[in-house]
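Asks: Next comes coords-v1.pdb, PDB, C-alpha atoms and all ligand atoms:
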MODEL        1
ATOM      1  CA  MET Q   1      42.814 140.254 -11.098  1.00  0.00           C
ATOM      2  CA  ASN Q   2      43.141 142.182 -14.328  1.00  0.00           C
ATOM      3  CA  LEU Q   3      41.401 145.513 -13.939  1.00  0.00           C
ATOM      4  CA  ILE Q   4      40.868 148.335 -16.395  1.00  0.00           C
ATOM      5  CA  LEU Q   5      40.391 151.797 -14.919  1.00  0.00           C
ATOM      6  CA  PHE Q   6      38.333 153.549 -17.523  1.00  0.00           C
ATOM      7  CA  GLY Q   7      37.341 157.173 -17.878  1.00  0.00           C
ATOM      8  CA  PRO Q   8      38.060 160.497 -19.534  1.00  0.00           C
ATOM      9  CA  PRO Q   9      41.237 162.496 -18.931  1.00  0.00           C
ATOM     10  CA  ALA Q  10      41.273 164.038 -15.420  1.00  0.00           C
ATOM     11  CA  ALA Q  11      38.676 161.535 -14.160  1.00  0.00           C
ATOM     12  CA  GLY Q  12      41.004 160.452 -11.340  1.00  0.00           C
ATOM     13  CA  LYS Q  13      42.300 157.161 -12.759  1.00  0.00           C
ATOM     14  CA  GLY Q  14      45.891 157.821 -11.739  1.00  0.00           C
ATOM     15  CA  THR Q  15      44.940 158.743  -8.162  1.00  0.00           C
ATOM     16  CA  GLN Q  16      42.881 155.584  -7.713  1.00  0.00           C
ATOM     17  CA  ALA Q  17      45.466 153.383  -9.422  1.00  0.00           C
ATOM     18  CA  LYS Q  18      48.158 154.601  -7.042  1.00  0.00           C
ATOM     19  CA  ARG Q  19      45.971 153.698  -4.083  1.00  0.00           C
ATOM     20  CA  LEU Q  20      45.462 150.163  -5.390  1.00  0.00           C
ATOM     21  CA  VAL Q  21      49.190 149.765  -5.992  1.00  0.00           C
ATOM     22  CA  ASP Q  22      50.070 150.935  -2.471  1.00  0.00           C
ATOM     23  CA  GLY Q  23      47.240 149.118  -0.731  1.00  0.00           C
ATOM     24  CA  ARG Q  24      46.971 145.861  -2.643  1.00  0.00           C
ATOM     25  CA  GLY Q  25      50.299 145.282  -4.301  1.00  0.00           C
ATOM     26  CA  MET Q  26      48.826 145.526  -7.766  1.00  0.00           C
ATOM     27  CA  VAL Q  27      50.939 146.691 -10.705  1.00  0.00           C
ATOM     28  CA  GLN Q  28      49.863 149.798 -12.617  1.00  0.00           C
ATOM     29  CA  LEU Q  29      50.391 149.782 -16.349  1.00  0.00           C
ATOM     30  CA  SER Q  30      49.881 153.338 -17.581  1.00  0.00           C
ATOM     31  CA  THR Q  31      50.615 153.869 -21.254  1.00  0.00           C
ATOM     32  CA  GLY Q  32      50.653 157.636 -20.611  1.00  0.00           C
ATOM     33  CA  ASP Q  33      53.448 157.174 -18.046  1.00  0.00           C
ATOM     34  CA  MET Q  34      55.344 154.842 -20.385  1.00  0.00           C
ATOM     35  CA  LEU Q  35      55.127 157.341 -23.240  1.00  0.00           C
ATOM     36  CA  ARG Q  36      56.212 160.242 -21.009  1.00  0.00           C
ATOM     37  CA  ALA Q  37      59.169 158.137 -19.808  1.00  0.00           C
ATOM     38  CA  ALA Q  38      60.129 157.477 -23.440  1.00  0.00           C
ATOM     39  CA  ILE Q  39      59.984 161.208 -24.151  1.00  0.00           C
ATOM     40  CA  ALA Q  40      62.058 162.047 -21.066  1.00  0.00           C
ATOM     41  CA  SER Q  41      64.718 159.523 -22.097  1.00  0.00           C
ATOM     42  CA  LYS Q  42      64.851 161.061 -25.587  1.00  0.00           C
ATOM     43  CA  SER Q  43      64.651 157.597 -27.128  1.00  0.00           C
ATOM     44  CA  GLU Q  44      63.706 157.129 -30.763  1.00  0.00           C
ATOM     45  CA  LEU Q  45      60.177 156.266 -29.667  1.00  0.00           C
ATOM     46  CA  GLY Q  46      60.079 159.324 -27.409  1.00  0.00           C
ATOM     47  CA  GLN Q  47      61.021 161.618 -30.259  1.00  0.00           C
ATOM     48  CA  LYS Q  48      58.410 160.030 -32.478  1.00  0.00           C
ATOM     49  CA  VAL Q  49      55.534 160.509 -30.020  1.00  0.00           C
ATOM     50  CA  GLU Q  50      56.426 163.814 -28.352  1.00  0.00           C
ATOM     51  CA  GLY Q  51      54.406 166.025 -30.700  1.00  0.00           C
ATOM     52  CA  ILE Q  52      51.447 163.648 -30.649  1.00  0.00           C
ATOM     53  CA  LEU Q  53      51.189 163.787 -26.852  1.00  0.00           C
ATOM     54  CA  GLN Q  54      51.684 167.532 -26.835  1.00  0.00           C
ATOM     55  CA  ARG Q  55      48.744 167.991 -29.193  1.00  0.00           C
ATOM     56  CA  GLY Q  56      46.576 165.564 -27.207  1.00  0.00           C
ATOM     57  CA  GLU Q  57      46.117 163.126 -30.082  1.00  0.00           C
ATOM     58  CA  LEU Q  58      46.268 159.351 -29.749  1.00  0.00           C
ATOM     59  CA  VAL Q  59      49.489 157.487 -30.411  1.00  0.00           C
ATOM     60  CA  SER Q  60      49.145 154.541 -32.831  1.00  0.00           C
ATOM     61  CA  ASP Q  61      47.641 151.306 -31.552  1.00  0.00           C
ATOM     62  CA  GLU Q  62      50.777 149.444 -32.637  1.00  0.00           C
ATOM     63  CA  ILE Q  63      53.020 151.517 -30.356  1.00  0.00           C
ATOM     64  CA  VAL Q  64      50.914 151.279 -27.199  1.00  0.00           C
ATOM     65  CA  VAL Q  65      50.109 147.596 -27.691  1.00  0.00           C
ATOM     66  CA  ALA Q  66      53.850 146.869 -27.930  1.00  0.00           C
ATOM     67  CA  LEU Q  67      54.509 148.883 -24.747  1.00  0.00           C
ATOM     68  CA  ILE Q  68      51.878 146.913 -22.841  1.00  0.00           C
ATOM     69  CA  GLU Q  69      53.062 143.581 -24.202  1.00  0.00           C
ATOM     70  CA  GLU Q  70      56.557 144.298 -22.948  1.00  0.00           C
ATOM     71  CA  ARG Q  71      55.259 144.884 -19.431  1.00  0.00           C
ATOM     72  CA  LEU Q  72      52.802 141.999 -19.108  1.00  0.00           C
ATOM     73  CA  PRO Q  73      55.342 139.508 -17.698  1.00  0.00           C
ATOM     74  CA  GLU Q  74      55.829 141.618 -14.570  1.00  0.00           C
ATOM     75  CA  THR Q  75      52.126 141.416 -13.748  1.00  0.00           C
ATOM     76  CA  GLU Q  76      52.324 137.647 -13.236  1.00  0.00           C
ATOM     77  CA  ALA Q  77      53.983 137.861  -9.817  1.00  0.00           C
ATOM     78  CA  ALA Q  78      51.850 140.786  -8.638  1.00  0.00           C
ATOM     79  CA  ALA Q  79      48.469 140.695  -6.926  1.00  0.00           C
ATOM     80  CA  GLY Q  80      46.946 141.973 -10.129  1.00  0.00           C
ATOM     81  CA  ALA Q  81      47.290 144.431 -12.968  1.00  0.00           C
ATOM     82  CA  ILE Q  82      45.646 147.810 -13.378  1.00  0.00           C
ATOM     83  CA  PHE Q  83      45.412 149.049 -16.932  1.00  0.00           C
ATOM     84  CA  ASP Q  84      45.295 152.844 -16.781  1.00  0.00           C
ATOM     85  CA  GLY Q  85      44.819 154.794 -20.001  1.00  0.00           C
ATOM     86  CA  PHE Q  86      44.802 151.580 -22.022  1.00  0.00           C
ATOM     87  CA  PRO Q  87      42.923 150.350 -24.005  1.00  0.00           C
ATOM     88  CA  ARG Q  88      41.744 153.546 -25.676  1.00  0.00           C
ATOM     89  CA  THR Q  89      40.410 152.093 -28.927  1.00  0.00           C
ATOM     90  CA  VAL Q  90      38.478 148.962 -29.849  1.00  0.00           C
ATOM     91  CA  ALA Q  91      41.569 147.652 -31.684  1.00  0.00           C
ATOM     92  CA  GLN Q  92      43.614 148.065 -28.489  1.00  0.00           C
ATOM     93  CA  ALA Q  93      40.951 146.235 -26.472  1.00  0.00           C
ATOM     94  CA  GLN Q  94      40.975 143.337 -28.923  1.00  0.00           C
ATOM     95  CA  ALA Q  95      44.778 143.207 -28.879  1.00  0.00           C
ATOM     96  CA  LEU Q  96      44.743 143.198 -25.072  1.00  0.00           C
ATOM     97  CA  ASP Q  97      42.246 140.338 -24.979  1.00  0.00           C
ATOM     98  CA  ALA Q  98      44.438 138.343 -27.355  1.00  0.00           C
ATOM     99  CA  MET Q  99      47.620 139.025 -25.365  1.00  0.00           C
ATOM    100  CA  LEU Q 100      45.960 138.009 -22.102  1.00  0.00           C
ATOM    101  CA  ALA Q 101      44.394 134.923 -23.668  1.00  0.00           C
ATOM    102  CA  GLY Q 102      47.881 133.881 -24.765  1.00  0.00           C
ATOM    103  CA  ARG Q 103      48.830 133.842 -21.075  1.00  0.00           C
ATOM    104  CA  GLY Q 104      45.661 132.028 -20.011  1.00  0.00           C
ATOM    105  CA  LYS Q 105      44.291 135.273 -18.559  1.00  0.00           C
ATOM    106  CA  GLN Q 106      41.490 137.703 -19.231  1.00  0.00           C
ATOM    107  CA  ILE Q 107      40.146 141.102 -18.205  1.00  0.00           C
ATOM    108  CA  ASP Q 108      38.142 140.501 -15.042  1.00  0.00           C
ATOM    109  CA  LEU Q 109      36.693 143.924 -14.367  1.00  0.00           C
ATOM    110  CA  VAL Q 110      36.336 147.326 -15.989  1.00  0.00           C
ATOM    111  CA  ILE Q 111      35.636 150.226 -13.659  1.00  0.00           C
ATOM    112  CA  ARG Q 112      34.343 153.327 -15.326  1.00  0.00           C
ATOM    113  CA  LEU Q 113      34.807 156.615 -13.491  1.00  0.00           C
ATOM    114  CA  LYS Q 114      31.928 158.773 -14.653  1.00  0.00           C
ATOM    115  CA  VAL Q 115      32.628 162.498 -14.637  1.00  0.00           C
ATOM    116  CA  ASP Q 116      30.795 165.047 -16.749  1.00  0.00           C
ATOM    117  CA  ASP Q 117      32.588 167.375 -19.156  1.00  0.00           C
ATOM    118  CA  ALA Q 118      31.916 170.538 -17.139  1.00  0.00           C
ATOM    119  CA  GLU Q 119      33.547 169.022 -14.045  1.00  0.00           C
ATOM    120  CA  LEU Q 120      36.500 167.791 -16.112  1.00  0.00           C
ATOM    121  CA  MET Q 121      37.072 171.274 -17.526  1.00  0.00           C
ATOM    122  CA  LYS Q 122      36.974 172.676 -13.985  1.00  0.00           C
ATOM    123  CA  ARG Q 123      39.494 170.132 -12.711  1.00  0.00           C
ATOM    124  CA  ILE Q 124      41.830 170.561 -15.594  1.00  0.00           C
ATOM    125  CA  ALA Q 125      41.765 174.353 -15.315  1.00  0.00           C
ATOM    126  CA  GLY Q 126      43.378 173.904 -11.912  1.00  0.00           C
ATOM    127  CA  ARG Q 127      45.932 171.520 -13.356  1.00  0.00           C
ATOM    128  CA  PHE Q 128      46.978 173.725 -16.295  1.00  0.00           C
ATOM    129  CA  ALA Q 129      49.049 175.910 -14.017  1.00  0.00           C
ATOM    130  CA  GLU Q 130      50.722 173.249 -11.904  1.00  0.00           C
ATOM    131  CA  SER Q 131      51.052 169.843 -13.611  1.00  0.00           C
ATOM    132  CA  GLY Q 132      53.938 170.785 -15.868  1.00  0.00           C
ATOM    133  CA  ARG Q 133      52.495 168.475 -18.522  1.00  0.00           C
ATOM    134  CA  PRO Q 134      52.745 170.072 -21.954  1.00  0.00           C
ATOM    135  CA  ASP Q 135      49.346 168.603 -22.863  1.00  0.00           C
ATOM    136  CA  ASP Q 136      47.635 170.243 -19.878  1.00  0.00           C
ATOM    137  CA  ASN Q 137      46.523 173.332 -21.762  1.00  0.00           C
ATOM    138  CA  PRO Q 138      43.046 174.241 -23.032  1.00  0.00           C
ATOM    139  CA  GLU Q 139      43.665 173.338 -26.697  1.00  0.00           C
ATOM    140  CA  SER Q 140      45.284 169.934 -26.070  1.00  0.00           C
ATOM    141  CA  PHE Q 141      42.789 169.096 -23.378  1.00  0.00           C
ATOM    142  CA  LYS Q 142      39.941 169.629 -25.804  1.00  0.00           C
ATOM    143  CA  VAL Q 143      41.630 167.290 -28.291  1.00  0.00           C
ATOM    144  CA  ARG Q 144      42.107 164.692 -25.514  1.00  0.00           C
ATOM    145  CA  LEU Q 145      38.479 164.937 -24.493  1.00  0.00           C
ATOM    146  CA  ASP Q 146      37.304 164.674 -28.102  1.00  0.00           C
ATOM    147  CA  ALA Q 147      39.528 161.610 -28.598  1.00  0.00           C
ATOM    148  CA  TYR Q 148      37.991 160.056 -25.500  1.00  0.00           C
ATOM    149  CA  ASN Q 149      34.438 160.711 -26.637  1.00  0.00           C
ATOM    150  CA  SER Q 150      34.926 159.574 -30.229  1.00  0.00           C
ATOM    151  CA  GLN Q 151      37.460 156.730 -29.923  1.00  0.00           C
ATOM    152  CA  THR Q 152      37.470 155.507 -26.343  1.00  0.00           C
ATOM    153  CA  ALA Q 153      33.875 155.794 -25.139  1.00  0.00           C
ATOM    154  CA  PRO Q 154      32.786 153.250 -27.833  1.00  0.00           C
ATOM    155  CA  LEU Q 155      34.639 150.664 -25.736  1.00  0.00           C
ATOM    156  CA  LEU Q 156      31.944 150.875 -23.071  1.00  0.00           C
ATOM    157  CA  PRO Q 157      29.460 148.640 -24.922  1.00  0.00           C
ATOM    158  CA  TYR Q 158      32.328 146.251 -25.714  1.00  0.00           C
ATOM    159  CA  TYR Q 159      32.846 145.584 -21.993  1.00  0.00           C
ATOM    160  CA  ARG Q 160      29.226 146.053 -20.959  1.00  0.00           C
ATOM    161  CA  ASP Q 161      28.189 143.270 -23.340  1.00  0.00           C
ATOM    162  CA  GLN Q 162      30.699 140.989 -21.627  1.00  0.00           C
ATOM    163  CA  GLY Q 163      29.197 141.814 -18.213  1.00  0.00           C
ATOM    164  CA  LYS Q 164      32.487 143.278 -17.004  1.00  0.00           C
ATOM    165  CA  LEU Q 165      31.575 146.936 -16.669  1.00  0.00           C
ATOM    166  CA  VAL Q 166      30.956 148.596 -13.305  1.00  0.00           C
ATOM    167  CA  GLU Q 167      30.152 152.300 -13.225  1.00  0.00           C
ATOM    168  CA  VAL Q 168      31.359 154.486 -10.380  1.00  0.00           C
ATOM    169  CA  ASP Q 169      30.421 158.097  -9.688  1.00  0.00           C
ATOM    170  CA  GLY Q 170      33.717 159.860 -10.372  1.00  0.00           C
ATOM    171  CA  MET Q 171      32.262 163.168  -9.178  1.00  0.00           C
ATOM    172  CA  ALA Q 172      32.271 161.914  -5.578  1.00  0.00           C
ATOM    173  CA  SER Q 173      35.198 162.503  -3.212  1.00  0.00           C
ATOM    174  CA  VAL Q 174      38.446 160.572  -3.675  1.00  0.00           C
ATOM    175  CA  GLU Q 175      37.565 158.475  -0.580  1.00  0.00           C
ATOM    176  CA  GLU Q 176      34.072 157.674  -1.808  1.00  0.00           C
ATOM    177  CA  VAL Q 177      35.356 156.707  -5.235  1.00  0.00           C
ATOM    178  CA  ALA Q 178      37.955 154.489  -3.531  1.00  0.00           C
ATOM    179  CA  ALA Q 179      35.218 152.816  -1.462  1.00  0.00           C
ATOM    180  CA  GLN Q 180      33.143 152.160  -4.587  1.00  0.00           C
ATOM    181  CA  ILE Q 181      36.153 150.632  -6.324  1.00  0.00           C
ATOM    182  CA  ASP Q 182      36.859 148.401  -3.312  1.00  0.00           C
ATOM    183  CA  LYS Q 183      33.269 147.241  -3.388  1.00  0.00           C
ATOM    184  CA  ALA Q 184      33.446 146.381  -7.088  1.00  0.00           C
ATOM    185  CA  LEU Q 185      36.725 144.523  -6.581  1.00  0.00           C
ATOM    186  CA  GLY Q 186      35.262 142.589  -3.670  1.00  0.00           C
ATOM    187  CA  ALA Q 187      32.247 141.566  -5.713  1.00  0.00           C
ATOM    188  CA  ALA Q 188      34.431 140.561  -8.670  1.00  0.00           C
ATOM    189  CA  VAL Q 189      36.608 138.148  -6.684  1.00  0.00           C
ATOM    190  CA  SER Q 190      33.834 136.551  -4.650  1.00  0.00           C
TER     191      SER Q 190
HETATM  192  P1  LIG D   1      45.069 161.445 -19.522  1.00  0.00           P
HETATM  193  O1  LIG D   1      45.412 162.291 -18.351  1.00  0.00           O
HETATM  194  O2  LIG D   1      44.626 162.284 -20.694  1.00  0.00           O
HETATM  195  O3  LIG D   1      44.172 160.299 -19.223  1.00  0.00           O
HETATM  196  P2  LIG D   1      47.386 159.713 -20.170  1.00  0.00           P
HETATM  197  O4  LIG D   1      48.506 159.979 -19.239  1.00  0.00           O
HETATM  198  O5  LIG D   1      46.668 158.424 -20.042  1.00  0.00           O
HETATM  199  O6  LIG D   1      46.419 160.955 -20.068  1.00  0.00           O
HETATM  200  O7  LIG D   1      47.859 159.845 -21.697  1.00  0.00           O
HETATM  201  C1  LIG D   1      48.513 160.993 -22.162  1.00  0.00           C
HETATM  202  C2  LIG D   1      48.660 160.941 -23.672  1.00  0.00           C
HETATM  203  O8  LIG D   1      49.428 159.791 -24.041  1.00  0.00           O
HETATM  204  C3  LIG D   1      47.357 160.809 -24.467  1.00  0.00           C
HETATM  205  O9  LIG D   1      46.748 162.070 -24.687  1.00  0.00           O
HETATM  206  C4  LIG D   1      47.873 160.167 -25.760  1.00  0.00           C
HETATM  207  O10 LIG D   1      48.542 161.126 -26.561  1.00  0.00           O
HETATM  208  C5  LIG D   1      48.924 159.206 -25.247  1.00  0.00           C
HETATM  209  N1  LIG D   1      48.369 157.873 -24.922  1.00  0.00           N
HETATM  210  C6  LIG D   1      48.340 157.308 -23.674  1.00  0.00           C
HETATM  211  N2  LIG D   1      47.777 156.096 -23.704  1.00  0.00           N
HETATM  212  C7  LIG D   1      47.407 155.875 -24.992  1.00  0.00           C
HETATM  213  C8  LIG D   1      46.738 154.816 -25.669  1.00  0.00           C
HETATM  214  N3  LIG D   1      46.324 153.710 -25.010  1.00  0.00           N
HETATM  215  N4  LIG D   1      46.520 154.939 -27.010  1.00  0.00           N
HETATM  216  C9  LIG D   1      46.921 156.015 -27.675  1.00  0.00           C
HETATM  217  N5  LIG D   1      47.543 157.072 -27.110  1.00  0.00           N
HETATM  218  C10 LIG D   1      47.788 157.013 -25.780  1.00  0.00           C
ENDMDL
END
So, in terms of structure tokens, how does the structure I just supplied come out?
Replies:
Amino acid sequence: MNLILFGPPAAGKGTQAKRLVDGRGMVQLSTGDMLRAAIASKSELGQKVEGILQRGELVSDEIVVALIEERLPETEAAAGAIFDGFPRTVAQAQALDAMLAGRGKQIDLVIRLKVDDAELMKRIAGRFAESGRPDDNPESFKVRLDAYNSQTAPLLPYYRDQGKLVEVDGMASVEEVAAQIDKALGAAVS
């Protein structure tokens, strides 16, 4: 099972991914986490991307595609892979399809967590104080949301046309969202 958790920043992708990892033994591949780890380790890559993340802009396709490629082998032994925060552009989606095809695999399901902008702003306002993430501030969040709307949302028709897109009400409670995701996963494997 290769699953993409899709949605704007603060939609709850990370929360739901963690549940699937704990409950189903799936592997979570979060490019955001990988980039933050690179920054924390002060690697060359980390230094290169630190300012980009801080501002809320997108890192180049080349960088994130390489990060994902490096991690694909570990998904083979797992019950499935959850792509979280990737792909974020059409070029990334095409690169992912090609990488999976090279392994005889494909994206099976794309779950979109739908949350409106007003709710996102409300959620993030609570996170500004406590997350400790340098990009959780009003200016960077606006850039992140704009990047989602202009560069990432255009991926929806890409997956819808392939019949892989399932929409879930991301405004519902964490438990309800989890139940909806379980339902979509059940339908995808049967
Ligand atoms: P969010 O909470 O906004 O969904 P993520 O943890 O997924 O955040 O990503 C944080 C930041 O890392 C993004 O704002 C962007 O700068 C960078 N990033 C993460 N994934 C990608 C990607 N697939 N393509 C480009 N940039 C990315």
Asks: Taking only residues of chain Q that have an atom at most 9 Å from an atom of ligand LIG 1 (chain D), what is each one's shortest atom pair and its distance in Å to one decimal, using all atoms listed in the file, in chain and number order, as a tab-separated table?
Replies:
residue	atom	partner	partner_atom	distance
Q:Gly7	CA	D:LIG1	O3	7.6
Q:Pro8	CA	D:LIG1	O3	6.1
Q:Pro9	CA	D:LIG1	O3	3.7
Q:Ala10	CA	D:LIG1	O1	5.4
Q:Ala11	CA	D:LIG1	O3	7.6
Q:Gly12	CA	D:LIG1	O1	8.5
Q:Lys13	CA	D:LIG1	O3	7.4
Q:Gly14	CA	D:LIG1	O1	8.0
Q:Ser30	CA	D:LIG1	O5	6.5
Q:Thr31	CA	D:LIG1	N2	4.4
Q:Gly32	CA	D:LIG1	O4	3.5
Q:Asp33	CA	D:LIG1	O4	5.8
Q:Met34	CA	D:LIG1	C6	8.1
Q:Leu35	CA	D:LIG1	O8	6.3
Q:Arg36	CA	D:LIG1	O8	7.4
Q:Val49	CA	D:LIG1	O10	7.8
Q:Glu50	CA	D:LIG1	O10	8.5
Q:Gly51	CA	D:LIG1	O10	8.7
Q:Ile52	CA	D:LIG1	O10	5.6
Q:Leu53	CA	D:LIG1	O10	3.8
Q:Gln54	CA	D:LIG1	O10	7.1
Q:Arg55	CA	D:LIG1	O10	7.4
Q:Gly56	CA	D:LIG1	O9	4.3
Q:Glu57	CA	D:LIG1	O10	4.7
Q:Leu58	CA	D:LIG1	N5	3.7
Q:Val59	CA	D:LIG1	N5	3.9
Q:Ser60	CA	D:LIG1	C9	5.8
Q:Asp61	CA	D:LIG1	N4	5.9
Q:Glu62	CA	D:LIG1	N4	8.9
Q:Ile63	CA	D:LIG1	C9	8.0
Q:Val64	CA	D:LIG1	N3	5.6
Q:Val65	CA	D:LIG1	N3	7.7
Q:Asp84	CA	D:LIG1	O5	6.6
Q:Gly85	CA	D:LIG1	O5	4.1
Q:Phe86	CA	D:LIG1	N3	4.0
Q:Pro87	CA	D:LIG1	N3	4.9
Q:Arg88	CA	D:LIG1	N3	4.6
Q:Thr89	CA	D:LIG1	N4	7.0
Q:Gln92	CA	D:LIG1	N3	7.2
Q:Asp135	CA	D:LIG1	O9	7.3
Q:Asp136	CA	D:LIG1	O1	8.4
Q:Ser140	CA	D:LIG1	O9	8.1
Q:Phe141	CA	D:LIG1	O2	7.5
Q:Val143	CA	D:LIG1	O9	8.2
Q:Arg144	CA	D:LIG1	O9	5.4
Q:Leu145	CA	D:LIG1	O2	7.7
Q:Ala147	CA	D:LIG1	O9	8.2
Q:Tyr148	CA	D:LIG1	O2	8.5
Asks: Using the chain letters and numbers from this file, what does the PyMOL selection byres (((chain Q and resi 6) around 6) and not hetatm) select? Give the answer as a list in words.
Replies: Ile4, Leu5, Gly7, Ile111 and Arg112 of chain Q
Asks: What is the CA of Thr152 (chain Q) to CA of Leu109 (chain Q) distance in Å?
Replies: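 A separation of 16.7 Å between them.
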Asks: In Å to one decimal, how far is CA of Ala172 (chain Q) from CA of Glu139 (chain Q)?
Replies: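 Taking CA of Glu139 (chain Q) and CA of Ala172 (chain Q), their separation equals 26.6 Å.
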Asks: Rank Q:Ser173, Q:Asp146, Q:Gly102, Q:Pro157 by their smallest atom-to-atom distance to Pro73 (chain Q), using all atoms listed in the file, and report the top residue only.
Replies: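 Among the listed residues, Q:Gly102 lies closest to Pro73 (chain Q).
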Asks: What does the distance from CA of Leu100 (chain Q) to CA of Val189 (chain Q) come to in Å, to one decimal?
Replies: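 We find that CA of Leu100 (chain Q) and CA of Val189 (chain Q) lie 18.0 Å from each other.
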Asks: Residue by residue, what does the PyMOL selection byres (((chain Q and resi 20) around 12) and not hetatm) grab here? Present the result as a VMD selection string.
Replies: chain Q and resid 1 3 5 13 to 19 21 to 28 78 to 84 178 to 179 181 to 182 185
Asks: Would you please work out which residue, of Q:Ala66, Q:Ala40, Q:Leu165, Q:Ala125, is nearest to Leu113 (chain Q) when using only C-alpha atoms?
Replies: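 Nearest to Leu113 (chain Q): Q:Leu165.
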Asks: Measuring atom to atom with all atoms listed in the file, identify which of Q:Val166, Q:Met171, Q:Ala98, Q:Leu155 is nearest to Lys122 (chain Q).
Replies: Q:Met171
Asks: I'd like to know which of Q:Ala184, Q:Leu29, Q:Val177, Q:Val90 is closest to Asp108 (chain Q), using all atoms listed in the file.
Replies: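 Counting all atoms listed in the file, the residue closest to Asp108 (chain Q) is Q:Ala184.
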Asks: Centre and edge lengths of an axis-aligned box around all listed atoms of region 48-62 of chain Q, with 8 Å added on each side, are to be given in Å to one decimal, as AutoDock Vina command-line options.
Replies:
--center_x 52.3 --center_y 158.7 --center_z -29.8 --size_x 28.3 --size_y 34.5 --size_z 22.0
Asks: So, with all atoms listed in the file as the atoms that count, which of Q:Glu119, Q:Gln162, Q:Ser131, Q:Asn2 lies closest to Leu96 (chain Q)?
Replies: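 Closest to Leu96 (chain Q), using all atoms listed in the file: Q:Asn2.
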